[in-house]
file upload.cif (mmCIF, C-alpha atoms and all ligand atoms)
data_final
#
loop_
_atom_site.label_atom_id
_atom_site.label_comp_id
_atom_site.auth_asym_id
_atom_site.auth_seq_id
_atom_site.Cartn_x
_atom_site.Cartn_y
_atom_site.Cartn_z
CA MET Z 15 -47.44 15.90 35.89
CA LYS Z 16 -46.14 12.71 34.32
CA VAL Z 17 -47.35 12.15 30.82
CA GLU Z 18 -48.75 8.75 31.62
CA GLU Z 19 -50.86 10.48 34.27
CA GLN Z 20 -51.96 13.13 31.80
CA VAL Z 21 -52.94 10.45 29.30
CA ARG Z 22 -55.03 8.76 31.99
CA GLN Z 23 -56.78 12.03 32.83
CA THR Z 24 -57.41 12.69 29.17
CA LEU Z 25 -59.03 9.27 28.97
CA GLU Z 26 -61.27 9.92 31.92
CA GLY Z 27 -62.12 13.37 30.59
CA LEU Z 28 -63.33 11.78 27.39
CA GLY Z 29 -66.02 10.05 29.37
CA VAL Z 30 -67.53 13.27 30.66
CA GLY Z 31 -66.53 16.27 28.62
CA ASP Z 32 -67.97 17.94 25.59
CA GLU Z 33 -66.09 18.72 22.38
CA ALA Z 34 -64.47 21.90 23.75
CA GLY Z 35 -63.33 20.05 26.86
CA VAL Z 36 -61.77 17.31 24.75
CA ALA Z 37 -59.87 19.88 22.67
CA GLY Z 38 -58.52 21.41 25.86
CA LEU Z 39 -57.25 18.03 27.02
CA PHE Z 40 -55.43 17.47 23.73
CA ASP Z 41 -53.90 20.93 24.01
CA GLY Z 42 -52.25 19.85 27.23
CA LEU Z 43 -50.78 16.84 25.43
CA ARG Z 44 -49.51 19.02 22.60
CA THR Z 45 -47.74 21.34 25.03
CA GLN Z 46 -46.11 18.37 26.71
CA ILE Z 47 -44.88 16.99 23.37
CA GLU Z 48 -43.44 20.33 22.28
CA ARG Z 49 -41.67 20.77 25.61
CA GLU Z 50 -40.06 17.36 25.33
CA LEU Z 51 -38.97 18.00 21.79
CA ALA Z 52 -37.35 21.30 22.70
CA GLY Z 53 -35.37 19.51 25.39
CA LEU Z 54 -33.88 16.93 23.03
CA ALA Z 55 -30.09 17.21 22.94
CA SER Z 56 -28.99 14.55 20.49
CA ALA Z 57 -30.01 12.36 17.60
CA ASP Z 58 -30.17 9.48 20.09
CA ALA Z 59 -32.60 11.36 22.29
CA GLY Z 60 -34.66 12.09 19.17
CA GLU Z 61 -34.93 8.38 18.47
CA GLN Z 62 -35.97 7.68 22.07
CA PHE Z 63 -38.65 10.35 21.73
CA ARG Z 64 -39.95 8.72 18.55
CA ILE Z 65 -40.17 5.31 20.18
CA ARG Z 66 -41.91 6.74 23.28
CA TRP Z 67 -44.57 8.70 21.41
CA LEU Z 68 -44.78 7.25 17.91
CA GLY Z 69 -43.31 3.74 18.28
CA ARG Z 70 -45.12 1.16 16.19
CA LYS Z 71 -46.70 -0.77 19.11
CA GLN Z 72 -46.08 0.90 22.47
CA GLY Z 73 -45.92 4.57 21.37
CA LEU Z 74 -48.24 6.66 23.54
CA LEU Z 75 -49.96 8.21 20.54
CA THR Z 76 -50.07 4.93 18.62
CA ALA Z 77 -51.72 3.18 21.52
CA ALA Z 78 -54.19 6.02 21.81
CA ASN Z 79 -56.36 4.51 19.11
CA ASP Z 80 -57.24 1.66 21.44
CA ASN Z 81 -57.00 3.55 24.69
CA TRP Z 82 -58.82 6.69 23.75
CA LEU Z 83 -60.86 6.32 20.66
CA LYS Z 84 -62.67 3.12 21.55
CA PRO Z 85 -63.94 4.15 25.02
CA ALA Z 86 -64.94 7.65 23.82
CA PRO Z 87 -68.69 8.35 23.85
CA PRO Z 88 -70.16 7.90 20.33
CA ALA Z 89 -70.96 11.61 20.05
CA LEU Z 90 -67.33 12.56 20.60
CA LYS Z 91 -65.64 9.83 18.51
CA ARG Z 92 -65.24 12.05 15.43
CA ALA Z 93 -63.70 14.89 17.39
CA VAL Z 94 -61.35 12.58 19.31
CA GLY Z 95 -60.25 10.83 16.10
CA ARG Z 96 -59.54 14.13 14.35
CA LEU Z 97 -57.68 15.64 17.31
CA LEU Z 98 -55.68 12.46 17.77
CA ASN Z 99 -54.57 12.45 14.13
CA GLU Z 100 -53.69 16.12 14.35
CA VAL Z 101 -51.54 15.65 17.44
CA LYS Z 102 -49.81 12.66 15.81
CA ARG Z 103 -49.09 14.50 12.56
CA GLN Z 104 -47.83 17.49 14.47
CA ALA Z 105 -45.62 15.36 16.68
CA GLU Z 106 -44.10 13.72 13.58
CA GLN Z 107 -43.49 17.05 11.84
CA SER Z 108 -42.03 18.66 14.92
CA LEU Z 109 -39.76 15.70 15.50
CA GLU Z 110 -38.56 15.87 11.90
CA ALA Z 111 -37.83 19.60 12.25
CA ARG Z 112 -36.06 19.10 15.56
CA ARG Z 113 -33.92 16.34 14.08
CA ARG Z 114 -32.84 18.65 11.29
CA GLU Z 115 -31.88 21.26 13.86
CA LEU Z 116 -29.85 18.72 15.80
CA ASP Z 117 -28.13 17.49 12.62
CA ALA Z 118 -27.19 21.00 11.60
CA GLY Z 119 -25.87 21.63 15.09
CA SER Z 120 -23.64 18.59 15.06
CA GLU Z 121 -22.42 19.47 11.55
CA THR Z 122 -21.43 22.93 12.79
CA ALA Z 123 -19.69 21.34 15.75
CA ARG Z 124 -17.86 18.91 13.47
CA LEU Z 125 -16.71 21.68 11.16
CA ALA Z 126 -15.49 23.69 14.13
CA VAL Z 127 -13.27 20.80 15.18
CA GLN Z 128 -12.18 19.66 11.73
CA ARG Z 129 -11.67 23.06 10.19
CA LEU Z 130 -9.43 22.74 7.15
CA ASP Z 131 -6.49 25.10 7.21
CA VAL Z 132 -5.51 25.38 3.56
CA THR Z 133 -2.41 27.36 4.48
CA LEU Z 134 -0.81 24.38 6.26
CA PRO Z 135 1.94 22.60 4.29
CA GLY Z 136 0.70 19.34 2.78
CA LEU Z 137 1.66 15.89 4.05
CA ARG Z 138 4.64 14.76 2.03
CA ARG Z 139 4.30 11.24 0.72
CA PRO Z 140 7.69 9.91 -0.32
CA ILE Z 141 7.54 8.65 -3.88
CA GLY Z 142 9.48 5.44 -4.40
CA ALA Z 143 12.06 5.02 -7.13
CA ARG Z 144 12.62 1.91 -9.19
CA HIS Z 145 15.87 0.19 -8.31
CA PRO Z 146 18.45 0.56 -11.12
CA VAL Z 147 18.66 -3.25 -11.39
CA GLN Z 148 14.87 -3.41 -11.83
CA ILE Z 149 14.98 -0.63 -14.42
CA VAL Z 150 17.47 -2.68 -16.43
CA ILE Z 151 15.49 -5.92 -16.01
CA ASP Z 152 12.36 -4.15 -17.23
CA GLU Z 153 14.16 -2.72 -20.23
CA VAL Z 154 15.88 -5.99 -21.17
CA GLN Z 155 12.51 -7.74 -20.98
CA GLU Z 156 10.89 -5.08 -23.11
CA ILE Z 157 13.52 -5.43 -25.85
CA PHE Z 158 13.26 -9.22 -25.93
CA LEU Z 159 9.47 -9.23 -25.65
CA SER Z 160 9.46 -7.05 -28.77
CA MET Z 161 11.38 -9.85 -30.53
CA GLY Z 162 8.74 -12.42 -29.54
CA TYR Z 163 10.50 -13.79 -26.46
CA SER Z 164 8.64 -14.77 -23.32
CA VAL Z 165 9.87 -14.59 -19.72
CA GLU Z 166 10.45 -17.68 -17.57
CA GLU Z 167 11.55 -18.07 -13.96
CA GLY Z 168 13.27 -20.74 -11.91
CA PRO Z 169 13.92 -21.32 -8.21
CA GLU Z 170 16.87 -19.67 -6.46
CA ILE Z 171 17.35 -22.80 -4.34
CA GLU Z 172 18.19 -25.21 -7.13
CA SER Z 173 19.11 -28.84 -7.36
CA ASP Z 174 22.54 -30.04 -8.38
CA TYR Z 175 20.85 -31.67 -11.35
CA TYR Z 176 19.50 -28.48 -12.93
CA ASN Z 177 22.37 -26.20 -11.92
CA PHE Z 178 25.14 -28.53 -13.11
CA GLU Z 179 24.32 -32.08 -14.16
CA ALA Z 180 21.81 -31.42 -16.95
CA LEU Z 181 23.94 -28.52 -18.16
CA ASN Z 182 26.63 -31.03 -19.06
CA MET Z 183 28.65 -30.48 -15.88
CA PRO Z 184 28.78 -33.90 -14.21
CA ARG Z 185 30.10 -34.34 -10.65
CA GLU Z 186 33.88 -33.87 -10.47
CA HIS Z 187 33.85 -31.90 -13.75
CA PRO Z 188 36.46 -29.14 -13.42
CA ALA Z 189 34.06 -26.56 -14.91
CA ARG Z 190 32.18 -26.67 -11.60
CA ASP Z 191 35.22 -25.10 -9.93
CA THR Z 192 34.71 -21.86 -11.83
CA GLN Z 193 31.46 -21.27 -9.96
CA ALA Z 194 32.12 -20.91 -6.21
CA THR Z 195 28.95 -22.60 -5.10
CA LEU Z 196 26.95 -22.08 -1.91
CA TYR Z 197 25.54 -25.49 -1.02
CA VAL Z 198 22.36 -25.62 1.08
CA ALA Z 199 21.90 -29.24 2.05
CA GLY Z 200 22.11 -32.56 0.28
CA ASP Z 201 21.70 -32.05 -3.43
CA TYR Z 202 20.48 -28.46 -3.10
CA LEU Z 203 22.41 -25.26 -3.63
CA LEU Z 204 21.86 -21.58 -4.33
CA ARG Z 205 21.87 -21.41 -8.12
CA THR Z 206 25.15 -20.06 -9.43
CA HIS Z 207 23.67 -18.92 -12.74
CA THR Z 208 20.33 -18.60 -14.54
CA SER Z 209 21.22 -21.36 -17.03
CA PRO Z 210 19.18 -24.04 -15.15
CA VAL Z 211 16.07 -22.25 -16.40
CA GLN Z 212 17.06 -23.53 -19.88
CA ILE Z 213 16.63 -27.11 -18.69
CA ARG Z 214 13.47 -26.44 -16.69
CA THR Z 215 11.85 -24.67 -19.64
CA MET Z 216 12.83 -27.28 -22.22
CA GLU Z 217 11.49 -30.00 -19.91
CA LYS Z 218 8.04 -28.47 -19.85
CA MET Z 219 7.78 -26.90 -23.32
CA GLN Z 220 8.39 -28.01 -26.89
CA PRO Z 221 10.16 -25.95 -29.58
CA PRO Z 222 9.89 -23.39 -31.04
CA LEU Z 223 11.14 -21.64 -27.90
CA ARG Z 224 12.32 -18.08 -27.42
CA VAL Z 225 12.82 -17.32 -23.75
CA ILE Z 226 14.63 -14.97 -21.41
CA ALA Z 227 15.02 -15.67 -17.69
CA PRO Z 228 16.24 -12.85 -15.47
CA GLY Z 229 16.90 -13.48 -11.78
CA ARG Z 230 19.13 -13.58 -8.74
CA VAL Z 231 22.14 -15.89 -8.56
CA TYR Z 232 24.59 -16.64 -5.74
CA ARG Z 233 28.28 -17.39 -5.44
CA ARG Z 234 30.74 -17.80 -2.62
CA ASP Z 235 32.67 -14.66 -3.59
CA ASN Z 236 34.21 -12.10 -1.26
CA PRO Z 237 32.59 -8.69 -1.68
CA ASP Z 238 34.53 -6.00 -3.49
CA ALA Z 239 33.78 -3.39 -6.15
CA THR Z 240 33.02 -6.06 -8.78
CA HIS Z 241 31.95 -9.07 -6.69
CA SER Z 242 28.91 -9.83 -4.56
CA PHE Z 243 27.65 -13.12 -3.11
CA MET Z 244 24.31 -12.28 -4.72
CA PHE Z 245 23.93 -10.69 -8.12
CA HIS Z 246 21.63 -10.78 -11.15
CA GLN Z 247 21.85 -12.51 -14.49
CA VAL Z 248 19.70 -12.77 -17.53
CA GLU Z 249 19.62 -15.99 -19.51
CA GLY Z 250 18.31 -16.11 -23.04
CA PHE Z 251 17.80 -18.96 -25.46
CA ALA Z 252 16.03 -19.97 -28.62
CA VAL Z 253 15.37 -23.49 -29.89
CA ASP Z 254 13.78 -24.25 -33.24
CA THR Z 255 14.53 -26.00 -36.50
CA ASN Z 256 17.39 -24.29 -38.36
CA ILE Z 257 18.64 -21.92 -35.68
CA THR Z 258 22.20 -20.88 -36.52
CA PHE Z 259 25.08 -18.93 -35.01
CA CYS Z 260 24.04 -16.04 -37.30
CA ASP Z 261 20.74 -15.81 -35.41
CA LEU Z 262 22.68 -15.56 -32.14
CA LYS Z 263 24.95 -12.82 -33.49
CA GLY Z 264 22.09 -10.86 -34.98
CA THR Z 265 20.00 -11.13 -31.84
CA LEU Z 266 22.70 -9.96 -29.43
CA ASP Z 267 23.92 -7.23 -31.79
CA TYR Z 268 20.37 -5.91 -32.01
CA PHE Z 269 19.93 -6.13 -28.24
CA PHE Z 270 23.09 -4.21 -27.38
CA LYS Z 271 22.37 -1.55 -29.99
CA ARG Z 272 18.94 -0.98 -28.49
CA PHE Z 273 20.22 -1.06 -24.93
CA TYR Z 274 23.36 1.10 -25.24
CA GLY Z 275 22.81 2.89 -28.56
CA GLU Z 276 23.16 2.41 -32.31
CA GLN Z 277 26.91 3.15 -32.30
CA VAL Z 278 27.69 0.01 -30.27
CA GLN Z 279 29.60 -2.78 -32.04
CA THR Z 280 29.62 -6.41 -30.91
CA ARG Z 281 32.46 -8.89 -31.08
CA PHE Z 282 32.41 -12.65 -30.53
CA ARG Z 283 35.55 -14.38 -29.23
CA PRO Z 284 35.92 -18.16 -29.10
CA SER Z 285 35.52 -19.54 -25.59
CA PHE Z 286 34.33 -22.58 -23.66
CA PHE Z 287 31.17 -23.37 -21.71
CA PRO Z 288 30.10 -26.95 -20.98
CA PHE Z 289 26.52 -26.23 -22.14
CA THR Z 290 27.32 -24.60 -25.48
CA GLU Z 291 29.27 -25.77 -28.53
CA PRO Z 292 30.74 -23.71 -30.06
CA SER Z 293 30.96 -21.10 -27.28
CA ALA Z 294 31.85 -17.44 -27.32
CA GLU Z 295 32.50 -14.44 -25.12
CA VAL Z 296 30.51 -11.46 -26.34
CA ASP Z 297 32.13 -8.03 -26.10
CA ILE Z 298 30.75 -4.63 -26.98
CA SER Z 299 32.79 -1.68 -28.16
CA CYS Z 300 33.58 0.50 -25.13
CA ILE Z 301 30.66 2.83 -24.51
CA PHE Z 302 32.93 5.34 -22.74
CA CYS Z 303 35.64 5.79 -25.40
CA SER Z 304 33.90 4.30 -28.46
CA GLY Z 305 36.76 1.85 -28.80
CA ALA Z 306 39.66 4.28 -28.61
CA GLY Z 307 40.86 2.78 -25.33
CA CYS Z 308 40.33 4.17 -21.83
CA ARG Z 309 40.57 3.24 -18.16
CA LYS Z 310 37.11 1.63 -18.21
CA CYS Z 311 37.98 -0.84 -20.98
CA LYS Z 312 41.55 -1.25 -19.74
CA GLN Z 313 42.73 0.39 -22.96
CA SER Z 314 41.34 -2.51 -25.03
CA GLY Z 315 38.42 -0.64 -26.61
CA TRP Z 316 36.14 -3.57 -25.73
CA ILE Z 317 34.00 -4.51 -22.76
CA GLU Z 318 33.27 -8.17 -22.04
CA LEU Z 319 29.59 -8.72 -21.25
CA PHE Z 320 27.94 -12.02 -22.10
CA GLY Z 321 28.73 -15.68 -22.52
CA ALA Z 322 26.97 -17.37 -25.42
CA GLY Z 323 26.99 -20.19 -27.90
CA MET Z 324 25.01 -22.88 -29.68
CA ILE Z 325 23.23 -25.12 -27.16
CA ASP Z 326 25.30 -28.29 -26.74
CA PRO Z 327 23.26 -31.23 -28.13
CA ALA Z 328 24.11 -33.11 -24.91
CA LEU Z 329 21.47 -30.93 -23.21
CA TYR Z 330 18.79 -32.16 -25.62
CA GLY Z 331 19.50 -35.67 -24.33
CA PHE Z 332 18.50 -34.59 -20.82
CA VAL Z 333 15.24 -32.96 -21.93
CA LYS Z 334 14.36 -35.55 -24.61
CA TYR Z 335 14.50 -33.24 -27.62
CA ASP Z 336 15.45 -34.76 -30.97
CA GLU Z 337 18.93 -33.33 -31.53
CA ARG Z 338 18.77 -34.11 -35.28
CA LYS Z 339 15.66 -31.98 -35.61
CA TYR Z 340 16.40 -29.00 -33.38
CA SER Z 341 19.17 -26.52 -32.83
CA GLY Z 342 19.38 -23.48 -30.61
CA PHE Z 343 21.50 -20.74 -29.15
CA ALA Z 344 21.89 -19.51 -25.59
CA PHE Z 345 23.45 -16.54 -23.89
CA GLY Z 346 23.78 -15.24 -20.37
CA GLY Z 347 25.25 -12.29 -18.57
CA GLY Z 348 25.19 -10.03 -15.56
CA ILE Z 349 22.39 -7.54 -15.19
CA ASP Z 350 24.21 -5.57 -12.50
CA ARG Z 351 27.08 -5.07 -14.89
CA LEU Z 352 24.70 -3.84 -17.61
CA ALA Z 353 23.35 -1.35 -15.06
CA MET Z 354 26.78 -0.26 -13.78
CA LEU Z 355 27.94 0.51 -17.31
CA ARG Z 356 24.70 2.25 -18.20
CA TYR Z 357 24.75 4.54 -15.14
CA GLY Z 358 28.50 4.81 -14.58
CA ILE Z 359 28.33 3.02 -11.20
CA GLU Z 360 31.81 1.92 -10.15
CA ASP Z 361 31.03 -0.24 -7.12
CA ILE Z 362 28.53 -3.14 -7.32
CA GLN Z 363 28.04 -2.92 -3.53
CA LEU Z 364 26.15 0.35 -4.00
CA LEU Z 365 23.38 -1.63 -5.70
CA PHE Z 366 22.75 -3.76 -2.61
CA GLN Z 367 23.35 -1.43 0.33
CA GLY Z 368 19.91 0.17 0.21
CA ASP Z 369 21.24 3.72 0.62
CA LEU Z 370 18.31 5.93 -0.43
CA ARG Z 371 20.61 8.86 -1.26
CA PHE Z 372 22.09 6.64 -3.96
CA LEU Z 373 18.93 4.83 -5.04
CA GLN Z 374 16.75 7.92 -5.37
CA GLN Z 375 18.82 9.10 -8.30
CA PHE Z 376 17.17 6.51 -10.54
CA ARG Z 377 13.52 7.11 -11.32
N1 LIG H 1 25.88 -19.45 -17.14
C1 LIG H 1 27.11 -18.77 -17.49
C2 LIG H 1 27.70 -18.14 -16.25
O1 LIG H 1 27.00 -17.91 -15.33
C3 LIG H 1 26.85 -17.70 -18.51
C4 LIG H 1 26.48 -18.27 -19.82
C5 LIG H 1 27.48 -18.57 -20.75
C6 LIG H 1 25.19 -18.54 -20.15
C7 LIG H 1 27.16 -19.07 -21.99
C8 LIG H 1 24.84 -19.06 -21.38
C9 LIG H 1 25.86 -19.33 -22.30
O2 LIG H 1 23.57 -19.33 -21.72
O3 LIG H 1 25.51 -19.81 -23.52
O4 LIG H 1 28.87 -17.89 -16.21
#
call {"tool": "encode", "arguments": {"input": "upload.cif", "output": "structure tokens"}}
result
Amino acid sequence: MKVEEQVRQTLEGLGVGDEAGVAGLFDGLRTQIERELAGLASADAGEQFRIRWLGRKQGLLTAANDNWLKPAPPALKRAVGRLLNEVKRQAEQSLEARRRELDAGSETARLAVQRLDVTLPGLRRPIGARHPVQIVIDEVQEIFLSMGYSVEEGPEIESDYYNFEALNMPREHPARDTQATLYVAGDYLLRTHTSPVQIRTMEKMQPPLRVIAPGRVYRRDNPDATHSFMFHQVEGFAVDTNITFCDLKGTLDYFFKRFYGEQVQTRFRPSFFPFTEPSAEVDISCIFCSGAGCRKCKQSGWIELFGAGMIDPALYGFVKYDERKYSGFAFGGGIDRLAMLRYGIEDIQLLFQGDLRFLQQFR
């Protein structure tokens, strides 16, 4: 018998029966509810059951208040009300219990599928390694940050003005020839050195300045063990009142001792750069033979590393600093070379080929 039919009969029965008859009718309903509950196969079905019987408006038992209680003869109202509440409470409790059973069942099923086999080998996640060039950049920055320097950056596509002009290398100046430039278009080029960051920084900041600027630079060089069209430099400079060549020597001597070890000596040889006056090449005592002379230092005992000097006052003209008030030093050099010496790497190409067997050695 369909439930709706049973409900209708129950209603009609209420009109005629006595209390015992009414109880019998409700028993039939109870049996029907329990049978439906037992047949539920999923949480979804459980929800449908709830809506059908206990739903807030249309639920069969919810509607019973209006459908059954009101038309019941006054003498039976109490009994009908009590039985109705009982059936409702029971239906709720049974549904709750059945839902728990269904949940537990699906949990068991899930565990059966997803059983964890702790004897299986784990999934190996490859751990990355820092690139040796990045390791050196990080360490150089750390040393200079400890001396109160800050880090600045500039664009790799640079204008002729910043790369050459404002560094005291006007058009047609022969010093430009030493840097085999890759021109992009018009007045733009791939920066040949990190020195343009000096100009950019001085344009936007006032002394006192202590800055390093690491980054990529580009030159039209043919690749071999010591040349690459792209490599890395670090620029450093300080501008303040009363900065002297002694400050430059002390700073670089301290840097190289911290980077390569206390035993390292520095040597400054006179040189020329358009943006420094006076200028110097900075050598360190050979870290392989401690200066005795070996293949690495071409028997000289020294290894050439940085260019440096006192910032040429001509640069202050471009950035509108008062050259009578301020002085400064600057230095620059190759990061790849610092790394190659540190790790005994003989071919710069290894740094840029992305061979993991090589790169994974540096962590
Ligand atoms: N910019 C120069 C180069 O790439 C290196 C250099 C030399 C930088 C002397 C400096 C300096 O700041 O003072 O060859």
call {"tool": "closest_residue", "arguments": {"input": "upload.cif", "among": "Z:Cys308, Z:Gly162, Z:Gly321, Z:Gly347", "to": "Val231 in chain Z", "atoms": "all atoms listed in the file"}}
result
Z:Gly347
call {"tool": "residues_around", "arguments": {"input": "upload.cif", "residues": "Ala180 in chain Z", "least_positions_apart": "3", "cutoff": "9 Å", "atoms": "all atoms listed in the file", "output": "PyMOL selection string"}}
result
chain Z and resi 174-177+183-184+210+213+289+328-329+331-333
call {"tool": "atom_distance", "arguments": {"input": "upload.cif", "atom1": "CA of Glu110 in chain Z", "atom2": "CA of Leu98 in chain Z"}}
result
18.4 Å
call {"tool": "residues_near_point", "arguments": {"input": "upload.cif", "point": "(19.5, -4.2, -16.0)", "cutoff": "10 Å", "atoms": "all atoms listed in the file", "output": "NGL selection string"}}
result
:Z and (145-155 or 228 or 246-248 or 273 or 348-356)
call {"tool": "closest_residue", "arguments": {"input": "upload.cif", "among": "Z:Gly35, Z:Leu51, Z:Arg124, Z:Glu166", "to": "Ala93 in chain Z", "atoms": "all atoms listed in the file"}}
result
Z:Gly35
call {"tool": "residues_near_ligand", "arguments": {"input": "upload.cif", "ligand": "ligand LIG 1 (chain H)", "cutoff": "6 Å", "atoms": "all atoms listed in the file", "output": "MDAnalysis selection string"}}
result
chainID Z and resid 207 209 249 287 290 321:323 344:347
